[in-house]
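Just below is one structure, and these are the notes that go with it.
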Amino acid sequence: MRIPFLSPERSLSLPPIDWPAAWRSFWRGFWLVVLAGLFVVAVPGARPDLREGHFQALGAARDHLFDFVAWEVGALADKGALGLIAPQRYMSAAARSQYIREYLQGVQNINTLERAVEQLYINPDVADPDAASAGLRALRDRLRAEQESRQALAEAIIQGQVAELLVDYGFGIGGQVIPPVVIRFTRLPTILIVSPRDRIERVGSYALEHGLTVDQMERIEADVDRELGVSSLIVPLGGLAVWPAMLIETGYLPSVYEVSAHEWAHHYLAFFPLGLNYAASSELTTLNETVASIVGAEIGWAVLDRYYPDLAPAPPDYTPQPPPDQGTPEGTAEATPAFDFRAEMRATRVEVDRLLAEGRIEDAEAYMEARRRVFVEHGYAIRKLNQAYFAFYGSYADEPGASGADPIGPALRDLRYYSGSLRAFVQTVRALTSLADLQAALEDARRAQGGE
């Protein structure tokens with residue numbers, strides 16, 4: 001099979017090494033490693049907590065836990081090796097952006113080859129898929145090896161671009177962002193989410209190895225549900241705020257920068273009350289994730305606007321909106337709307353919350369399955385819609401949807417609107433430890449801006 005989009009390999013010519021600057025880079029790398037160790041040891045949420053009561057009863061899930069130690073060793077070794085030379089400093093801004101475009105195009109090329117190989121194994125008319133896919137697999141493996149040799153430099157460029165915008169937004173100290181922006185493209189673990197059946201609340205989350213098959217996921221979930229009497233779900237991730245931050249291997253450039261800034265926000269908040277209390281309650285988890293989403297969207301957009309203007313969407317708009325369930329004005333003809341995923345998911349969550357509040361667990365679960373089938377009919381491939389689904393996706397409340405009628409998302413969006421800047425917004429929210437704190441801060445911000 002011919003792959004027409006593959007471009008010829010390009011080489012990068014570098015000037016002689018500036019050894020004094022390289023020595024400074026070495027010491028920066030050394031302290032980054034020290035900071036990484038402190039972060040993993042000291043910060044809640046940066047490591048899996050295997051002491052939780054649920055862990056002992058997880059059964060099959062324990063055989064698939066992600067090995068964070070091995071991953072950290074490999075990631076930090078690669079970061080330290082490139083940090084000694086820091087070749088991105090010798091590249092122009094235009095060259096850096098072009099390098100990222102080509103690197104992410106390479107990711108897309110590899111993913112296309114992966115799908116082509118998979119189709120040969122799926123196709124019943126292919127008698128010998130090993131032989132039929134041999135050429136594609138060889139090309140895929142060669143491209144992946146080339147991509148791995150370019151990965152560390154691509155990560156360094158992305159880190160620098162995100163850090164530059166964070167400094168411009170007022171998050172720098174002496175021109176440096178603390179904590180530093182550090183990312184790592186990787187095959188992310190999946191996350192096993194555990195929620196009680198009688199309410200929607202994340203009471204456990206466990207990182208499992210990458211590449212679990214659907215049947216393995218189903219067996220693990222069934223085992224956990226049976227042994228603990230809970231609702232569980234294994235979900236994919238786009239990023240994870242260990243240190244360096246894990247980023248999914250994707251060729252979609254806007255997502256790369258938004259997720260990079262999102263995970264940096266978690267690193268930043270981890271040294272303040274909001275982040276330190278990340279898992280203290282579902283309320284605080286939602287606060288953390290929604291704040292990080294707002295930071296990610298705004299900084300991600302700013303990077304695109306500066307370095308990739310052809311890909312930049314409209315900037316985030318946090319203008320206060322009317323309640324999503326506000327009726328149609330009198331005298332206005334109500335047209336048949338297209339299927340709105342966010343609105344439909346929000347309505348589903350609101351009804352599930354009502355049924356669970358009345359103690360009707362089985363009715364709520366039957367309703368969620370019926371609604372899942374509706375979403376699938378409209379092209380949304382949701383494998384399982386249950387309490388654990390809402391416990392996970394409802395934490396990201398910057399847009400209406402799985403969070404239902406939770407007031408945290410709208411309140412944070414309004415607080416961002418009434419804050420003078422993103423930095424002022426983050427300085428306010430980093431001290432919050434409850435919804436009541438958020439509501440009080442919003443009222444203060446409204447009064448300061450002359451709002452109602």
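Residue numbering restarts at 1 in every chain; chains get A, B, ... in the order shown in the structure tokens, and ligands count up from 1 in that same order.
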
Quick one: everything within 10 Å of A:Glu399, counting only C-alpha atoms, minus sequence neighbours fewer than 4 positions away in the same chain. Send it as an mmCIF file with N, CA and C atoms, in the first residue's frame.
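Listed below is the output, result.cif:
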data_model
loop_
_atom_site.group_PDB
_atom_site.id
_atom_site.type_symbol
_atom_site.label_atom_id
_atom_site.label_comp_id
_atom_site.auth_asym_id
_atom_site.auth_seq_id
_atom_site.Cartn_x
_atom_site.Cartn_y
_atom_site.Cartn_z
ATOM 1 N N THR A 290 -11.888 21.715 36.565
ATOM 2 C CA THR A 290 -12.494 22.798 35.801
ATOM 3 C C THR A 290 -11.567 24.004 35.722
ATOM 4 N N SER A 293 -9.003 23.163 33.191
ATOM 5 C CA SER A 293 -9.564 23.239 31.837
ATOM 6 C C SER A 293 -9.636 24.680 31.358
ATOM 7 N N ILE A 294 -10.000 25.598 32.249
ATOM 8 C CA ILE A 294 -10.057 27.011 31.871
ATOM 9 C C ILE A 294 -8.656 27.534 31.537
ATOM 10 N N ARG A 342 -23.973 17.884 24.342
ATOM 11 C CA ARG A 342 -23.811 18.458 25.681
ATOM 12 C C ARG A 342 -25.164 18.651 26.371
ATOM 13 N N GLY A 394 -18.004 14.240 34.671
ATOM 14 C CA GLY A 394 -18.644 15.367 35.323
ATOM 15 C C GLY A 394 -17.677 16.273 36.050
ATOM 16 N N SER A 403 -21.641 17.152 33.822
ATOM 17 C CA SER A 403 -21.735 17.694 35.180
ATOM 18 C C SER A 403 -23.173 17.996 35.576
ATOM 19 N N GLY A 409 -19.175 24.550 37.559
ATOM 20 C CA GLY A 409 -18.733 25.005 36.251
ATOM 21 C C GLY A 409 -19.194 26.419 35.930
ATOM 22 N N PRO A 410 -20.510 26.685 35.992
ATOM 23 C CA PRO A 410 -20.967 28.055 35.717
ATOM 24 C C PRO A 410 -20.349 29.096 36.643
ATOM 25 N N ARG A 413 -16.745 29.770 35.497
ATOM 26 C CA ARG A 413 -16.749 30.542 34.250
ATOM 27 C C ARG A 413 -17.083 32.004 34.534
#

Original post:
Near A:Ala424, counting only C-alpha atoms, which residues have an atom at most 12 Å away, once you skip same-chain residues fewer than 3 positions from it, shown as number ranges by chain?
Top reply: A: 169-171, 295, 415-421, 427-431, 441, 445

Original post:
What's the 12 Å shell around A:Glu344, counting only C-alpha atoms, without same-chain residues fewer than 5 positions away, as a list in words?
Top reply: Pro324, Asp325, Pro337, Ala338, Phe339, Arg349, Val350, Glu351, Met368, Arg371, Arg372, Val374, Phe375, His378, Tyr380, Pro400, Gly401, Ala402, Ser403 and Gly404 of chain A

Suppose we keep N, CA and C atoms; can you now write the selection as a PDB file, in the first residue's frame?
ATOM      1  N   PRO A 324     -29.117  26.848  31.177  1.00  0.00           N
ATOM      2  CA  PRO A 324     -29.301  26.056  29.969  1.00  0.00           C
ATOM      3  C   PRO A 324     -30.720  25.566  29.775  1.00  0.00           C
ATOM      4  N   ASP A 325     -31.539  25.492  30.841  1.00  0.00           N
ATOM      5  CA  ASP A 325     -32.901  24.981  30.704  1.00  0.00           C
ATOM      6  C   ASP A 325     -33.927  26.098  30.607  1.00  0.00           C
ATOM      7  N   PRO A 337     -34.506  20.922  17.045  1.00  0.00           N
ATOM      8  CA  PRO A 337     -33.055  21.117  17.091  1.00  0.00           C
ATOM      9  C   PRO A 337     -32.300  19.885  16.628  1.00  0.00           C
ATOM     10  N   ALA A 338     -31.074  20.104  16.171  1.00  0.00           N
ATOM     11  CA  ALA A 338     -30.177  18.983  15.908  1.00  0.00           C
ATOM     12  C   ALA A 338     -29.786  18.362  17.243  1.00  0.00           C
ATOM     13  N   PHE A 339     -29.311  17.131  17.198  1.00  0.00           N
ATOM     14  CA  PHE A 339     -28.931  16.444  18.437  1.00  0.00           C
ATOM     15  C   PHE A 339     -27.730  17.157  19.043  1.00  0.00           C
ATOM     16  N   ARG A 349     -27.867  13.571  32.999  1.00  0.00           N
ATOM     17  CA  ARG A 349     -27.277  13.631  34.341  1.00  0.00           C
ATOM     18  C   ARG A 349     -28.283  14.168  35.354  1.00  0.00           C
ATOM     19  N   VAL A 350     -29.019  15.194  34.979  1.00  0.00           N
ATOM     20  CA  VAL A 350     -30.002  15.769  35.908  1.00  0.00           C
ATOM     21  C   VAL A 350     -31.039  14.719  36.304  1.00  0.00           C
ATOM     22  N   GLU A 351     -31.520  13.950  35.344  1.00  0.00           N
ATOM     23  CA  GLU A 351     -32.523  12.919  35.642  1.00  0.00           C
ATOM     24  C   GLU A 351     -31.932  11.794  36.485  1.00  0.00           C
ATOM     25  N   MET A 368     -30.032   5.041  32.361  1.00  0.00           N
ATOM     26  CA  MET A 368     -28.732   5.343  31.752  1.00  0.00           C
ATOM     27  C   MET A 368     -28.450   4.439  30.563  1.00  0.00           C
ATOM     28  N   ARG A 371     -30.540   5.649  27.666  1.00  0.00           N
ATOM     29  CA  ARG A 371     -29.961   6.882  27.111  1.00  0.00           C
ATOM     30  C   ARG A 371     -28.669   6.595  26.350  1.00  0.00           C
ATOM     31  N   ARG A 372     -27.884   5.641  26.832  1.00  0.00           N
ATOM     32  CA  ARG A 372     -26.652   5.278  26.119  1.00  0.00           C
ATOM     33  C   ARG A 372     -26.990   4.839  24.688  1.00  0.00           C
ATOM     34  N   VAL A 374     -29.442   5.799  22.911  1.00  0.00           N
ATOM     35  CA  VAL A 374     -29.792   6.996  22.131  1.00  0.00           C
ATOM     36  C   VAL A 374     -28.526   7.686  21.643  1.00  0.00           C
ATOM     37  N   PHE A 375     -27.544   7.819  22.518  1.00  0.00           N
ATOM     38  CA  PHE A 375     -26.287   8.463  22.118  1.00  0.00           C
ATOM     39  C   PHE A 375     -25.594   7.653  21.014  1.00  0.00           C
ATOM     40  N   HIS A 378     -26.977   8.193  17.649  1.00  0.00           N
ATOM     41  CA  HIS A 378     -26.601   9.478  17.062  1.00  0.00           C
ATOM     42  C   HIS A 378     -25.094   9.594  16.818  1.00  0.00           C
ATOM     43  N   TYR A 380     -22.428   8.582  18.833  1.00  0.00           N
ATOM     44  CA  TYR A 380     -21.500   8.729  19.961  1.00  0.00           C
ATOM     45  C   TYR A 380     -21.251   7.351  20.580  1.00  0.00           C
ATOM     46  N   PRO A 400     -21.182  22.846  29.688  1.00  0.00           N
ATOM     47  CA  PRO A 400     -22.321  22.034  30.116  1.00  0.00           C
ATOM     48  C   PRO A 400     -22.197  20.614  29.574  1.00  0.00           C
ATOM     49  N   GLY A 401     -22.737  19.651  30.292  1.00  0.00           N
ATOM     50  CA  GLY A 401     -22.682  18.276  29.831  1.00  0.00           C
ATOM     51  C   GLY A 401     -22.829  17.299  30.977  1.00  0.00           C
ATOM     52  N   ALA A 402     -21.808  16.455  31.170  1.00  0.00           N
ATOM     53  CA  ALA A 402     -21.886  15.379  32.161  1.00  0.00           C
ATOM     54  C   ALA A 402     -21.946  15.886  33.590  1.00  0.00           C
ATOM     55  N   SER A 403     -21.641  17.152  33.822  1.00  0.00           N
ATOM     56  CA  SER A 403     -21.735  17.694  35.180  1.00  0.00           C
ATOM     57  C   SER A 403     -23.173  17.996  35.576  1.00  0.00           C
ATOM     58  N   GLY A 404     -24.105  17.953  34.609  1.00  0.00           N
ATOM     59  CA  GLY A 404     -25.510  18.172  34.922  1.00  0.00           C
ATOM     60  C   GLY A 404     -25.767  19.559  35.478  1.00  0.00           C
TER      61      GLY A 404
END

Subject >> Within 10 Å of A:Arg140 using only C-alpha atoms, minus same-chain residues under 3 positions, as an NGL selection string >> reply: :A and (109-114 or 117 or 134-137 or 143-146)

Original post:
What does the distance from atom CA of A:Ala245 to atom CA of A:Glu263 come to in Å, to one decimal?
Top reply: 6.2 Å

Original post:
If you measure from atom CA of A:Ala261 to atom CA of A:Gln321, what distance in Å do you get, rounded to one decimal?
Top reply: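 Value for the atom CA of A:Ala261-atom CA of A:Gln321 distance: 25.3 Å.
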